[in-house]
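K.L.:
Next comes final_3.cif, mmCIF, C-alpha atoms:
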```cif
data_input
#
loop_
_atom_site.label_atom_id
_atom_site.label_comp_id
_atom_site.auth_asym_id
_atom_site.auth_seq_id
_atom_site.Cartn_x
_atom_site.Cartn_y
_atom_site.Cartn_z
CA MET E 1061 -38.00 20.38 28.95
CA MET E 1062 -34.60 18.84 28.51
CA SER E 1063 -33.51 16.90 25.44
CA GLN E 1064 -31.80 13.57 25.92
CA MET E 1065 -28.04 13.52 25.38
CA PRO E 1066 -26.30 10.46 23.79
CA ARG E 1067 -25.16 7.96 26.39
CA GLN E 1068 -21.40 7.81 26.92
CA ALA E 1069 -19.71 4.65 28.04
CA ALA E 1070 -18.25 4.40 31.55
CA LEU E 1071 -20.17 7.46 32.85
CA PRO E 1072 -21.98 7.06 36.17
CA THR E 1073 -25.76 6.99 36.00
CA CYS E 1074 -28.53 8.30 38.22
CA PRO E 1075 -29.82 5.58 40.58
CA SER E 1076 -33.34 6.95 40.10
CA CYS E 1077 -33.70 7.40 36.34
CA ALA E 1078 -30.47 5.89 34.97
CA GLU E 1079 -29.54 9.14 33.21
CA PRO E 1080 -25.80 9.78 32.63
CA LEU E 1081 -24.13 12.01 35.24
CA ASP E 1082 -21.14 14.33 35.08
CA ALA E 1083 -18.38 14.21 37.65
CA GLY E 1084 -19.21 16.42 40.61
CA ASP E 1085 -22.99 16.46 40.03
CA ARG E 1086 -24.96 16.88 43.26
CA PHE E 1087 -28.36 16.42 41.64
CA CYS E 1088 -29.54 14.56 38.57
CA GLY E 1089 -30.06 16.92 35.65
CA ALA E 1090 -32.98 14.87 34.35
CA CYS E 1091 -35.07 14.12 37.42
CA GLY E 1092 -33.51 16.31 40.11
CA TYR E 1093 -32.63 13.30 42.30
CA ASP E 1094 -30.40 14.12 45.27
CA LEU E 1095 -27.31 12.01 44.57
CA SER E 1096 -26.19 12.16 48.20
CA VAL E 1097 -29.19 10.03 49.23
CA VAL E 1098 -28.97 6.24 49.04
CA PRO E 1099 -32.09 5.11 47.11
CA ALA E 1100 -34.45 2.56 48.61
CA SER E 1101 -35.36 -0.47 46.60
CA PRO E 1102 -38.82 -0.01 45.09
CA ASP E 1103 -41.53 -2.44 46.11
CA ASP E 1104 -43.75 -1.95 43.10
CA HIS E 1105 -43.69 -0.68 39.54
CA PRO E 1106 -46.45 1.89 39.04
CA THR E 1107 -47.31 3.19 35.62
CA LEU E 1108 -47.36 7.03 35.36
CA THR E 1109 -49.07 8.76 32.48
CA MET E 1110 -48.66 12.35 31.30
CA ASN E 1111 -52.14 13.25 32.62
CA GLY E 1112 -51.99 11.11 35.75
CA SER E 1113 -54.57 8.47 34.65
CA ALA E 1114 -53.99 4.72 34.49
CA LEU E 1115 -53.45 3.02 31.16
CA PRO E 1116 -55.23 -0.03 29.78
CA ALA E 1117 -53.01 -3.08 29.57
CA PRO E 1118 -51.71 -3.54 26.00
CA ALA E 1119 -52.90 -6.76 24.43
CA GLU E 1120 -49.45 -7.72 23.22
CA THR E 1121 -48.09 -7.85 26.77
CA GLY E 1122 -50.78 -10.24 27.97
CA GLY E 1123 -52.37 -7.72 30.27
CA ALA E 1124 -49.17 -6.81 32.12
CA VAL E 1125 -48.58 -3.13 32.89
CA ARG E 1126 -45.29 -1.80 31.56
CA ASP E 1127 -42.94 -0.06 33.93
CA VAL E 1128 -41.69 3.31 32.71
CA ARG E 1129 -38.20 1.94 33.28
CA ASP E 1130 -38.91 -0.43 30.39
CA ASP E 1131 -39.21 2.70 28.26
CA ARG E 1132 -35.73 3.81 29.33
CA ARG E 1133 -34.43 0.42 28.32
CA ALA E 1134 -36.21 0.90 24.99
CA ARG E 1135 -34.19 4.08 24.45
CA GLU E 1136 -31.08 1.93 24.69
CA ALA E 1137 -32.32 -0.46 22.03
CA PRO E 1138 -30.13 -1.20 19.00
CA PRO E 1139 -30.09 1.27 16.12
CA GLY E 1140 -33.21 1.20 14.06
CA ALA E 1141 -35.58 0.90 16.98
CA PRO E 1142 -38.05 3.86 17.31
CA THR E 1143 -36.84 6.33 19.93
CA ALA E 1144 -37.80 9.73 21.30
CA PRO E 1145 -36.20 12.26 23.60
CA GLY E 1146 -36.81 11.76 27.30
CA VAL E 1147 -38.78 14.04 29.57
CA SER E 1148 -37.53 15.28 32.90
CA GLY E 1149 -39.98 16.38 35.57
CA GLY E 1150 -41.11 16.23 39.13
CA PRO E 1151 -43.85 14.17 40.74
CA GLY E 1152 -46.43 12.96 38.30
CA ALA E 1153 -44.12 12.95 35.25
CA ALA E 1154 -41.72 10.34 33.97
CA GLY E 1155 -39.48 9.70 30.95
CA VAL E 1156 -41.17 8.00 28.01
CA SER E 1157 -39.90 6.76 24.69
CA GLY E 1158 -40.76 4.85 21.57
CA VAL E 1159 -43.04 7.48 19.99
CA ALA E 1160 -44.36 6.39 16.62
CA ALA E 1161 -43.47 8.92 13.92
CA GLY E 1162 -46.26 11.47 13.41
CA SER E 1163 -48.64 9.80 15.88
CA GLY E 1164 -47.63 11.44 19.14
CA VAL E 1165 -48.27 8.11 20.90
CA SER E 1166 -45.63 5.75 22.27
CA ASP E 1167 -45.54 2.45 20.37
CA VAL E 1168 -44.29 0.79 23.55
CA SER E 1169 -46.52 2.09 26.37
CA GLY E 1170 -49.23 4.06 24.59
CA VAL E 1171 -48.43 7.25 26.51
CA ARG E 1172 -49.51 10.46 24.76
CA PHE E 1173 -46.41 12.44 23.89
CA ASP E 1174 -47.33 15.53 21.87
CA ARG E 1175 -44.34 17.88 21.72
CA LEU E 1176 -41.64 18.99 19.34
CA ALA E 1177 -38.68 16.71 18.94
CA GLU E 1178 -36.33 19.66 19.68
CA PRO E 1179 -37.77 21.81 22.49
CA ASP E 1180 -37.01 25.54 22.65
CA GLU E 1181 -36.60 25.52 26.42
CA TYR E 1182 -34.66 23.24 28.70
CA ALA E 1183 -35.15 22.48 32.36
CA LEU E 1184 -32.43 23.79 34.64
CA GLN E 1185 -30.51 21.53 36.95
CA ALA E 1186 -31.99 21.50 40.43
CA PRO E 1187 -29.99 24.04 42.49
CA ASP E 1188 -28.01 23.19 45.57
CA PRO E 1189 -30.07 24.78 48.38
CA ARG E 1190 -26.89 25.85 50.17
CA VAL E 1191 -25.61 27.68 47.09
CA ALA E 1192 -29.01 29.28 46.52
CA ALA E 1193 -29.10 30.54 50.11
CA GLU E 1194 -25.65 32.08 49.80
CA ALA E 1195 -26.62 33.78 46.51
CA ALA E 1196 -29.76 35.22 48.11
CA VAL E 1197 -27.72 36.79 50.91
CA VAL E 1198 -25.28 38.34 48.42
CA ALA E 1199 -28.10 39.62 46.19
CA GLU E 1200 -29.88 41.21 49.13
CA SER E 1201 -26.83 43.15 50.30
CA ALA E 1202 -25.36 44.05 46.90
CA LYS E 1203 -26.24 47.19 44.97
CA VAL E 1204 -27.51 46.75 41.43
CA CYS E 1205 -26.16 48.89 38.58
CA VAL E 1206 -28.45 51.76 37.58
CA ALA E 1207 -27.38 51.38 33.93
CA CYS E 1208 -27.63 47.67 33.10
CA ARG E 1209 -29.79 46.70 36.13
CA ALA E 1210 -27.92 43.39 36.26
CA GLY E 1211 -24.36 43.83 37.49
CA ARG E 1212 -23.25 44.16 41.09
CA VAL E 1213 -21.65 47.45 42.12
CA ASP E 1214 -18.16 47.03 43.58
CA ASP E 1215 -16.68 48.92 46.50
CA ASP E 1216 -15.27 51.58 44.15
CA GLY E 1217 -18.71 52.44 42.79
CA TYR E 1218 -18.43 50.72 39.40
CA CYS E 1219 -20.61 48.01 37.88
CA GLU E 1220 -18.84 44.64 37.62
CA ASN E 1221 -20.93 43.80 34.56
CA CYS E 1222 -20.85 46.92 32.34
CA GLY E 1223 -18.28 49.09 34.14
CA HIS E 1224 -20.68 52.02 34.50
CA ALA E 1225 -19.79 54.47 37.30
CA GLN E 1226 -22.67 54.69 39.75
CA PRO E 1227 -24.09 58.04 40.92
CA ARG E 1228 -23.22 59.07 44.45
CA GLU E 1229 -26.01 59.01 46.98
CA ARG E 1230 -25.99 62.80 47.27
CA ASP E 1231 -25.93 63.50 43.52
CA HIS E 1232 -29.70 63.86 43.59
CA MET E 1233 -31.78 63.95 46.78
CA GLU E 1234 -35.49 64.51 47.31
CA LEU E 1235 -37.48 64.63 50.52
CA GLU E 1236 -41.08 65.45 51.36
CA SER E 1237 -41.89 65.96 55.04
CA GLY E 1238 -45.58 66.66 55.51
CA PRO E 1239 -46.44 69.93 53.72
CA ILE E 1240 -42.81 70.87 52.93
CA ALA E 1241 -40.30 69.42 50.47
CA ALA E 1242 -36.76 69.88 49.20
CA VAL E 1243 -34.71 68.74 46.22
CA SER E 1244 -30.93 68.87 45.80
CA ASP E 1245 -28.99 68.08 42.63
CA ARG E 1246 -25.29 67.93 41.72
CA GLY E 1247 -25.85 70.06 38.65
CA LEU E 1248 -24.22 69.63 35.27
CA ARG E 1249 -20.69 70.89 35.91
CA HIS E 1250 -19.62 69.86 39.42
CA HIS E 1251 -18.17 66.41 40.13
CA ARG E 1252 -20.08 66.09 43.43
CA ASN E 1253 -22.94 67.66 45.35
CA GLU E 1254 -21.65 69.93 48.14
CA ASP E 1255 -25.14 71.12 49.17
CA ALA E 1256 -27.29 69.67 51.94
CA PHE E 1257 -30.67 70.33 53.51
CA GLY E 1258 -32.72 69.50 56.58
CA LEU E 1259 -36.53 69.47 56.91
CA GLY E 1260 -38.89 68.93 59.79
CA CYS E 1261 -42.39 69.48 61.17
CA THR E 1262 -43.11 70.02 64.85
CA ALA E 1263 -45.63 71.72 67.12
CA LEU E 1264 -45.40 74.77 69.35
CA PRO E 1265 -46.47 74.54 73.00
CA ASP E 1266 -50.01 75.64 72.08
CA GLY E 1267 -50.29 72.76 69.61
CA SER E 1268 -50.06 74.90 66.47
CA PRO E 1269 -47.77 73.59 63.70
CA ALA E 1270 -44.25 74.80 62.89
CA LEU E 1271 -42.32 73.98 59.70
CA VAL E 1272 -38.52 73.99 59.53
CA ALA E 1273 -36.31 74.11 56.44
CA ILE E 1274 -32.50 74.49 56.39
CA VAL E 1275 -30.37 74.70 53.23
CA CYS E 1276 -26.55 74.75 53.26
CA ASP E 1277 -24.02 75.29 50.46
CA GLY E 1278 -20.47 73.98 50.94
CA VAL E 1279 -17.68 76.45 50.09
CA SER E 1280 -15.86 74.75 47.21
CA SER E 1281 -12.51 76.39 47.95
CA ALA E 1282 -12.53 74.87 51.44
CA THR E 1283 -11.62 71.33 52.44
CA ARG E 1284 -14.52 68.84 52.75
CA PRO E 1285 -17.29 71.29 51.83
CA ASP E 1286 -19.80 68.45 51.47
CA ASP E 1287 -19.14 67.37 55.06
CA ALA E 1288 -19.50 70.96 56.24
CA SER E 1289 -22.91 71.48 54.62
CA LEU E 1290 -24.20 68.14 55.90
CA ALA E 1291 -23.03 68.81 59.46
CA ALA E 1292 -24.48 72.33 59.48
CA SER E 1293 -27.90 71.36 58.07
CA LYS E 1294 -28.23 68.49 60.52
CA ALA E 1295 -27.22 70.55 63.57
CA ALA E 1296 -29.43 73.51 62.68
CA SER E 1297 -32.57 71.51 61.91
CA GLU E 1298 -32.20 69.35 65.02
CA THR E 1299 -31.71 72.44 67.20
CA LEU E 1300 -34.85 74.09 65.83
CA LEU E 1301 -36.98 70.97 66.16
CA ALA E 1302 -35.87 70.62 69.77
CA ALA E 1303 -36.26 74.29 70.77
CA LEU E 1304 -39.61 75.19 69.21
CA PRO E 1305 -41.78 72.70 71.18
CA GLN E 1306 -40.21 74.04 74.38
CA GLY E 1307 -41.56 77.53 73.75
CA THR E 1308 -38.43 79.24 72.41
CA HIS E 1309 -39.43 82.11 70.13
CA PRO E 1310 -38.85 81.07 66.49
CA GLN E 1311 -36.47 83.96 65.83
CA GLN E 1312 -34.39 83.16 68.92
CA ALA E 1313 -34.48 79.47 68.01
CA MET E 1314 -33.16 80.33 64.55
CA HIS E 1315 -30.27 82.28 66.07
CA GLU E 1316 -29.39 79.34 68.32
CA ALA E 1317 -29.63 76.95 65.37
CA ILE E 1318 -27.10 78.95 63.36
CA VAL E 1319 -24.71 78.98 66.33
CA ALA E 1320 -25.11 75.20 66.70
CA ALA E 1321 -24.44 74.75 62.99
CA SER E 1322 -21.29 76.87 63.30
CA HIS E 1323 -20.01 74.68 66.14
CA ALA E 1324 -20.69 71.54 64.10
CA VAL E 1325 -18.67 72.85 61.15
CA ASN E 1326 -15.86 74.09 63.40
CA ALA E 1327 -15.58 70.61 64.89
CA LEU E 1328 -14.66 69.23 61.47
CA ALA E 1329 -11.43 71.25 61.57
CA GLU E 1330 -10.36 69.65 64.85
CA GLU E 1331 -8.07 66.98 63.46
CA PRO E 1332 -4.76 65.57 64.74
CA ALA E 1333 -1.63 67.61 64.06
CA THR E 1334 -0.19 64.66 62.13
CA ALA E 1335 -3.01 64.98 59.60
CA ARG E 1336 -2.04 68.59 58.98
CA GLU E 1337 1.57 67.53 58.45
CA HIS E 1338 0.57 65.03 55.78
CA ALA E 1339 -1.81 67.48 54.07
CA PRO E 1340 -0.59 71.01 54.84
CA HIS E 1341 -2.61 72.47 51.95
CA GLN E 1342 -5.90 71.68 53.67
CA ASN E 1343 -7.97 74.47 55.18
CA ALA E 1344 -11.00 74.50 57.46
CA PRO E 1345 -14.29 73.10 56.13
CA ALA E 1346 -16.86 75.85 55.47
CA CYS E 1347 -20.38 76.41 54.19
CA THR E 1348 -23.21 78.94 54.01
CA LEU E 1349 -26.62 78.51 55.61
CA VAL E 1350 -30.14 79.80 55.11
CA GLY E 1351 -33.19 78.62 57.00
CA SER E 1352 -36.86 79.30 57.58
CA VAL E 1353 -39.38 78.64 60.34
CA VAL E 1354 -43.04 78.99 59.38
CA THR E 1355 -45.90 78.90 61.89
CA ALA E 1356 -49.59 79.72 61.60
CA GLY E 1357 -48.94 83.47 61.65
CA LEU E 1358 -45.17 84.08 61.65
CA LEU E 1359 -42.40 83.68 59.09
CA VAL E 1360 -38.79 83.68 60.34
CA VAL E 1361 -35.62 83.45 58.27
CA GLY E 1362 -31.98 83.19 59.26
CA TRP E 1363 -28.78 83.10 57.24
CA VAL E 1364 -25.00 83.39 56.99
CA GLY E 1365 -23.50 83.70 53.51
CA ASP E 1366 -25.17 84.11 50.14
CA SER E 1367 -27.86 81.43 50.16
CA ARG E 1368 -31.30 83.07 50.01
CA ALA E 1369 -34.98 82.97 50.99
CA TYR E 1370 -37.78 84.43 48.83
CA TRP E 1371 -41.43 85.15 49.58
CA VAL E 1372 -43.89 84.35 46.79
CA PRO E 1373 -47.60 85.09 47.45
CA ALA E 1374 -50.04 82.45 46.28
CA ASP E 1375 -52.40 84.78 44.39
CA ARG E 1376 -49.56 86.85 42.86
CA SER E 1377 -51.71 89.97 43.45
CA SER E 1378 -48.99 91.44 45.65
CA PRO E 1379 -45.28 91.62 44.80
CA PRO E 1380 -42.86 88.87 45.83
CA ALA E 1381 -39.85 89.74 47.97
CA ARG E 1382 -36.35 88.60 48.78
CA LEU E 1383 -36.13 88.03 52.54
CA THR E 1384 -32.34 87.84 52.98
CA GLU E 1385 -29.30 89.99 52.21
CA ASP E 1386 -26.16 88.34 50.93
CA ASP E 1387 -22.91 88.25 52.86
CA SER E 1388 -20.99 88.95 49.66
CA TRP E 1389 -18.68 91.43 48.00
CA ALA E 1390 -21.47 92.63 45.70
CA ALA E 1391 -23.84 93.29 48.60
CA GLN E 1392 -21.17 95.25 50.42
CA MET E 1393 -20.54 97.43 47.36
CA VAL E 1394 -24.24 98.19 47.03
CA ALA E 1395 -24.65 98.86 50.77
CA ALA E 1396 -21.72 101.27 50.70
CA GLY E 1397 -23.19 103.13 47.72
CA LEU E 1398 -20.15 102.40 45.59
CA MET E 1399 -22.10 100.49 42.91
CA ASN E 1400 -25.67 99.87 41.97
CA GLU E 1401 -26.93 96.30 42.12
CA ALA E 1402 -26.60 95.65 38.40
CA GLU E 1403 -22.98 96.82 38.35
CA ALA E 1404 -22.03 94.94 41.50
CA TYR E 1405 -23.44 91.58 40.42
CA ALA E 1406 -21.91 91.92 36.97
CA ASP E 1407 -18.45 92.08 38.54
CA GLU E 1408 -16.40 88.90 38.67
CA ARG E 1409 -15.98 89.39 42.42
CA ALA E 1410 -19.74 89.51 43.01
CA HIS E 1411 -20.03 86.03 44.56
CA ALA E 1412 -17.04 86.29 46.86
CA ILE E 1413 -18.66 85.70 50.24
CA THR E 1414 -17.85 87.78 53.32
CA GLY E 1415 -19.62 85.56 55.85
CA TRP E 1416 -19.70 81.79 56.30
CA LEU E 1417 -19.69 78.99 58.85
CA GLY E 1418 -16.26 77.55 59.55
CA ALA E 1419 -13.28 77.66 61.87
CA ASP E 1420 -11.55 80.26 59.73
CA ALA E 1421 -14.52 82.67 59.57
CA TYR E 1422 -13.63 86.17 60.79
CA GLU E 1423 -16.53 86.39 63.21
CA LEU E 1424 -19.87 84.64 63.34
CA GLU E 1425 -22.73 87.06 62.68
CA PRO E 1426 -26.02 85.17 62.44
CA HIS E 1427 -28.70 87.19 60.61
CA THR E 1428 -32.36 86.67 61.50
CA ALA E 1429 -35.57 88.42 60.49
CA SER E 1430 -39.27 87.84 61.12
CA PHE E 1431 -42.30 88.68 58.97
CA LYS E 1432 -46.09 88.48 59.26
CA PRO E 1433 -47.50 88.04 55.76
CA ASP E 1434 -51.14 89.06 55.33
CA ARG E 1435 -51.90 86.37 52.73
CA PRO E 1436 -50.96 82.77 51.87
CA GLY E 1437 -47.86 82.01 49.90
CA VAL E 1438 -44.66 79.99 49.89
CA VAL E 1439 -41.11 80.54 51.11
CA VAL E 1440 -38.42 79.45 48.66
CA VAL E 1441 -35.20 78.60 50.53
CA CYS E 1442 -32.31 78.01 48.13
CA THR E 1443 -28.62 78.10 47.29
CA ASP E 1444 -27.11 80.33 44.62
CA GLY E 1445 -27.22 77.34 42.28
CA LEU E 1446 -30.89 78.25 41.82
CA TRP E 1447 -31.06 82.02 42.31
CA ASN E 1448 -28.28 82.57 39.76
CA TYR E 1449 -30.98 81.67 37.21
CA ALA E 1450 -33.80 83.65 38.90
CA GLU E 1451 -32.09 86.39 40.86
CA ALA E 1452 -34.80 89.01 41.22
CA ALA E 1453 -37.84 88.22 43.33
CA GLU E 1454 -40.09 88.72 40.30
CA GLU E 1455 -38.03 86.21 38.32
CA MET E 1456 -38.25 83.66 41.11
CA ALA E 1457 -42.02 84.16 41.38
CA GLY E 1458 -42.29 83.57 37.65
CA VAL E 1459 -40.71 80.12 38.01
CA VAL E 1460 -42.59 78.94 41.12
CA PRO E 1461 -45.71 76.96 40.08
CA PRO E 1462 -49.06 78.51 41.12
CA ASP E 1463 -49.95 75.41 43.20
CA ALA E 1464 -46.65 75.36 45.09
CA SER E 1465 -48.38 75.35 48.50
CA ALA E 1466 -50.34 72.22 47.64
CA ARG E 1467 -47.55 70.46 45.71
CA PRO E 1468 -44.23 71.40 47.33
CA LEU E 1469 -42.21 68.46 46.01
CA HIS E 1470 -43.38 69.03 42.47
CA SER E 1471 -42.54 72.72 42.80
CA ALA E 1472 -39.05 71.99 44.15
CA ARG E 1473 -38.44 69.70 41.17
CA VAL E 1474 -39.60 72.41 38.78
CA LEU E 1475 -37.23 74.93 40.34
CA VAL E 1476 -34.25 72.57 40.19
CA GLY E 1477 -35.16 71.78 36.59
CA HIS E 1478 -35.16 75.50 35.80
CA ALA E 1479 -31.57 75.78 37.06
CA LEU E 1480 -30.47 72.70 35.12
CA ASP E 1481 -32.11 73.99 31.95
CA GLY E 1482 -30.26 77.26 32.47
CA GLY E 1483 -26.90 75.51 32.51
CA GLY E 1484 -26.61 73.87 35.92
CA HIS E 1485 -23.21 75.43 36.56
CA ASP E 1486 -23.46 74.85 40.32
CA ASN E 1487 -25.06 72.46 42.79
CA VAL E 1488 -28.77 73.26 43.09
CA THR E 1489 -30.79 72.94 46.30
CA VAL E 1490 -34.23 74.34 47.11
CA ALA E 1491 -36.85 73.86 49.81
CA VAL E 1492 -40.48 74.96 49.37
CA VAL E 1493 -42.37 75.88 52.57
CA PRO E 1494 -46.05 76.93 52.52
CA PHE E 1495 -47.35 79.83 54.63
CA PRO E 1496 -49.27 79.68 56.87
CA ALA E 1497 -48.25 76.28 58.21
CA PRO E 1498 -51.23 73.97 57.64
CA ALA E 1499 -52.73 72.10 60.55
CA GLN E 1500 -50.98 68.86 61.43
CA GLY E 1501 -52.11 65.95 59.32
CA ALA E 1502 -52.51 68.09 56.19
CA GLY E 1503 -49.87 67.19 53.62
CA SER E 1504 -49.24 67.99 50.01
CA ALA E 1505 -51.87 67.14 47.47
#
```
Could you write out this file's structure as structure tokens?

P.N.:
Amino acid sequence: MMSQMPRQAALPTCPSCAEPLDAGDRFCGACGYDLSVVPASPDDHPTLTMNGSALPAPAETGGAVRDVRDDRRAREAPPGAPTAPGVSGGPGAAGVSGVAAGSGVSDVSGVRFDRLAEPDEYALQAPDPRVAAEAAVVAESAKVCVACRAGRVDDDGYCENCGHAQPRERDHMELESGPIAAVSDRGLRHHRNEDAFGLGCTALPDGSPALVAIVCDGVSSATRPDDASLAASKAASETLLAALPQGTHPQQAMHEAIVAASHAVNALAEEPATAREHAPHQNAPACTLVGSVVTAGLLVVGWVGDSRAYWVPADRSSPPARLTEDDSWAAQMVAAGLMNEAEAYADERAHAITGWLGADAYELEPHTASFKPDRPGVVVVCTDGLWNYAEAAEEMAGVVPPDASARPLHSARVLVGHALDGGGHDNVTVAVVPFPAPAQGAGSA
């Protein structure tokens, strides 16, 4: 509803309802009339009631039916005459006036007019269809602020309404692909997420299923570590998903995938010499990689760096195991017999890596290993952002939910939450892969 405003002299009026108009109006605010259309002269004067029924002819008019436009003229009567606010509406509604005080019935036309003199809501002006179409296009393409859910996000990633900085797309990522899932989170201390992952399900030549999970951790001291991890995870997972259906042995396919990932990261360092001149402090992008291929009877892992894979049996009746060995200073000290594991990992140099993917790596040495578990379980493929809070295999098994095989996404969320609850000092990424690979068409519960 829209209350009637006092008439101002010399203002243009709507040719349909005679309501005052403002300069520049395209549509009448009272009746929605398109002001660009030249009105046709009416041939008759129908009477419209609020409920759509005809009215009996008032005795005082000699049987004549009053035109609703007579009611508008009544609103312009001299002071002292009974008046009422007008009503704006579409087909089947018209402005009425002259409501007798307390009766709810017009003393001029007899139209029932039960409503408050001052409505709480007001009808909006009919929109210009061209403006509405343009707004719809903008709304469809614009991002909405995650904080106020109203403002548009500008090109710099800030809300134009509340100014809230928007999270980057990679700050938190989740993916469920059939019976496997992965979650990656920026953590609580880093300004961006430099981890990445790749998942996939395929079939071997005999039709049996094969599950692929790749997790990469960008080396923070290198240039563009987030680009390095993304390129490596994409190249490795695509290589595996292409090689396995062709009959390549999973362990050989894993080796080839790591080599492909290395080439992808090396390519990031191939930039024009002028770029080096403008940014001489830059070094080659680098990352670590760990991956797993699970089939109906075989478990294969591959890695370079200090990201890890763990085996956790479903019934917990047999011990869990760590399936990878770190390319790190601490691992070298333990392997050389110079320190025990507790001493080595307590040292501040423990996490200095000795192997990685990148153009400045000393020499690429892909590590692969294959296993044939005798019982069901899950493979946990993760970066050090998780295993720093569950380093021993027994600790990791204690965090993995018992139904991890049936609910991989839930389990990955639980594991990331464990790292965040522990402090979230690093980016956290984990993939959960059930063993044996379930038949195609069987997903998580």

K.L.:
Quick one: residues within 8 Å of region 1241-1249 of chain E, only C-alpha atoms, excluding same-chain residues fewer than 2 positions away - as a PyMOL selection string?

P.N.:
chain E and resi 1230-1239+1251-1257+1259+1468-1469+1472-1473+1476+1480+1483-1493

K.L.:
Generate a file of the selected residues that holds C-alpha atoms, formatted as a PDB file, keeping the file's coordinate frame.

P.N.:
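See again25.pdb below for the written result:
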```
ATOM      1  CA  ARG E1230     -25.990  62.800  47.270  1.00  0.00           C
ATOM      2  CA  ASP E1231     -25.930  63.500  43.520  1.00  0.00           C
ATOM      3  CA  HIS E1232     -29.700  63.860  43.590  1.00  0.00           C
ATOM      4  CA  MET E1233     -31.780  63.950  46.780  1.00  0.00           C
ATOM      5  CA  GLU E1234     -35.490  64.510  47.310  1.00  0.00           C
ATOM      6  CA  LEU E1235     -37.480  64.630  50.520  1.00  0.00           C
ATOM      7  CA  GLU E1236     -41.080  65.450  51.360  1.00  0.00           C
ATOM      8  CA  SER E1237     -41.890  65.960  55.040  1.00  0.00           C
ATOM      9  CA  GLY E1238     -45.580  66.660  55.510  1.00  0.00           C
ATOM     10  CA  PRO E1239     -46.440  69.930  53.720  1.00  0.00           C
ATOM     11  CA  HIS E1251     -18.170  66.410  40.130  1.00  0.00           C
ATOM     12  CA  ARG E1252     -20.080  66.090  43.430  1.00  0.00           C
ATOM     13  CA  ASN E1253     -22.940  67.660  45.350  1.00  0.00           C
ATOM     14  CA  GLU E1254     -21.650  69.930  48.140  1.00  0.00           C
ATOM     15  CA  ASP E1255     -25.140  71.120  49.170  1.00  0.00           C
ATOM     16  CA  ALA E1256     -27.290  69.670  51.940  1.00  0.00           C
ATOM     17  CA  PHE E1257     -30.670  70.330  53.510  1.00  0.00           C
ATOM     18  CA  LEU E1259     -36.530  69.470  56.910  1.00  0.00           C
ATOM     19  CA  PRO E1468     -44.230  71.400  47.330  1.00  0.00           C
ATOM     20  CA  LEU E1469     -42.210  68.460  46.010  1.00  0.00           C
ATOM     21  CA  ALA E1472     -39.050  71.990  44.150  1.00  0.00           C
ATOM     22  CA  ARG E1473     -38.440  69.700  41.170  1.00  0.00           C
ATOM     23  CA  VAL E1476     -34.250  72.570  40.190  1.00  0.00           C
ATOM     24  CA  LEU E1480     -30.470  72.700  35.120  1.00  0.00           C
ATOM     25  CA  GLY E1483     -26.900  75.510  32.510  1.00  0.00           C
ATOM     26  CA  GLY E1484     -26.610  73.870  35.920  1.00  0.00           C
ATOM     27  CA  HIS E1485     -23.210  75.430  36.560  1.00  0.00           C
ATOM     28  CA  ASP E1486     -23.460  74.850  40.320  1.00  0.00           C
ATOM     29  CA  ASN E1487     -25.060  72.460  42.790  1.00  0.00           C
ATOM     30  CA  VAL E1488     -28.770  73.260  43.090  1.00  0.00           C
ATOM     31  CA  THR E1489     -30.790  72.940  46.300  1.00  0.00           C
ATOM     32  CA  VAL E1490     -34.230  74.340  47.110  1.00  0.00           C
ATOM     33  CA  ALA E1491     -36.850  73.860  49.810  1.00  0.00           C
ATOM     34  CA  VAL E1492     -40.480  74.960  49.370  1.00  0.00           C
ATOM     35  CA  VAL E1493     -42.370  75.880  52.570  1.00  0.00           C
TER      36      VAL E1493
END
```

K.L.:
Tell me which residues the PyMOL selection byres ((chain E and resi 1443) around 6) grabs here, as an NGL selection string.

P.N.:
:E and (1367 or 1442 or 1444-1446 or 1489)

K.L.:
Between CA of Pro1345 (chain E) and CA of Val1275 (chain E), what is the distance, to one decimal in Å?

P.N.:
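Separation of CA of Pro1345 (chain E) and CA of Val1275 (chain E): 16.4 Å.
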
K.L.:
Quick one: distance from CA of Glu1229 (chain E) to CA of Ala1317 (chain E) in Å, one decimal?

P.N.:
25.9 Å

K.L.:
Could the centre and edge lengths of an axis-aligned box, enclosing all atoms of region 1237-1255 of chain E in the file with 6 Å extra on each side, be given in Å to one decimal as lines of an AutoDock Vina configuration file?

P.N.:
```
center_x = -32.3
center_y = 68.5
center_z = 45.4
size_x = 40.3
size_y = 17.2
size_z = 32.2
```

K.L.:
Can you turn the PyMOL selection byres ((chain E and resi 1349) around 7) into a concrete residue list for this file, as a PyMOL selection string?

P.N.:
chain E and resi 1275-1277+1347-1348+1350-1351+1363-1365+1367
